Amino acid sequence: GTGNAAKNSGDIQKNMTAEMMFDYMGILLDKEAMADKDITINVNLSDENKKYMLRIKNGQLLYMADEESETPDITLTCPKNALFYILSNNKEGAAKTIKIEGDTELMDTVMDSMNQLDLSSASNFNIVEP
């Protein structure tokens with residue numbers, strides 16, 4: 001592989017750090033739908049060799065770098081750009097690129113809640129519909 005596929009998938013993704021993607025997840029998160037949830041997600045970025053712990057509680061998404069939970073609900077292992085599939089609720093893409101351990105149904109719920117997109121800004125994002 002020469003990496004051309006990654007280049008063609010949009011500069012915005014390439015230039016976003018993992019932190020920016022997590023921030024964006026927090027913006028997209030359906031706060032009302034997730035208000036009564038308390039979810040801990042370990043994220044291992046295989047290409048950057050970084051760990052993050054995500055916590056969704058009271059409709060807020062918080063994350064900490066270089067942390068991991070001993071008892072996560074979900075563990076995700078993937079290259080950084082695969083996080084974009086979560087942002088865009090692309091389950092097919094996620095299934096191919098993200099190793100999901102733990103509560104996979106809960107992960108579906110989390111991805112389904114990534115729906116608070118301001119459509120006026122959607123044109124700025126190169127999101128491929130599933």
# chains A, B, ... in the order shown; residues from 1 in each chain; ligands from 1

call {"tool": "residues_around", "arguments": {"residues": "range 43-60 of chain A", "least_positions_apart": "3", "cutoff": "8 Å", "atoms": "only C-alpha atoms", "output": "count of residues only"}}
result
26

call {"tool": "atom_distance", "arguments": {"atom1": "CA of Ile74 in chain A", "atom2": "CA of Thr17 in chain A"}}
result
21.3 Å

call {"tool": "closest_residue", "arguments": {"among": "A:Leu62, A:Ala82, A:Leu87, A:Met21", "to": "Gln116 in chain A", "atoms": "only C-alpha atoms"}}
result
A:Leu87

call {"tool": "residues_around", "arguments": {"residues": "range 109-111 of chain A", "least_positions_apart": "5", "cutoff": "8 Å", "atoms": "only C-alpha atoms", "output": "PyMOL selection string"}}
result
chain A and resi 86-89+91

call {"tool": "select_by_dssp", "arguments": {"residues": "range 54-124 of chain A", "states": "alpha helix (DSSP H)", "output": "NGL selection string"}}
result
:A and (83-87 or 91-97 or 104-112)

call {"tool": "write_last_selection", "arguments": {"atoms": "C-alpha atoms", "output": "tab-separated table (two decimals), in the first residue's frame"}}
result
chain	number	residue	atom	x	y	z
A	83	LEU	CA	-11.86	7.59	14.86
A	84	PHE	CA	-13.48	9.48	12.01
A	85	TYR	CA	-15.78	6.50	11.45
A	86	ILE	CA	-17.07	6.96	14.99
A	87	LEU	CA	-17.60	10.68	14.42
A	91	LYS	CA	-20.47	1.40	11.42
A	92	GLU	CA	-19.27	-0.41	8.32
A	93	GLY	CA	-16.02	1.54	8.25
A	94	ALA	CA	-15.62	1.18	12.00
A	95	ALA	CA	-16.12	-2.58	11.84
A	96	LYS	CA	-13.33	-2.88	9.28
A	97	THR	CA	-10.77	-0.64	10.98
A	104	THR	CA	-20.32	-3.77	21.29
A	105	GLU	CA	-24.01	-2.89	21.59
A	106	LEU	CA	-23.09	0.00	23.84
A	107	MET	CA	-20.58	1.13	21.22
A	108	ASP	CA	-23.41	1.15	18.67
A	109	THR	CA	-25.39	3.33	21.07
A	110	VAL	CA	-22.46	5.73	21.42
A	111	MET	CA	-22.05	5.98	17.65
A	112	ASP	CA	-25.79	6.47	17.13

call {"tool": "atom_distance", "arguments": {"atom1": "CA of Met20 in chain A", "atom2": "CA of Asn81 in chain A"}}
result
11.4 Å
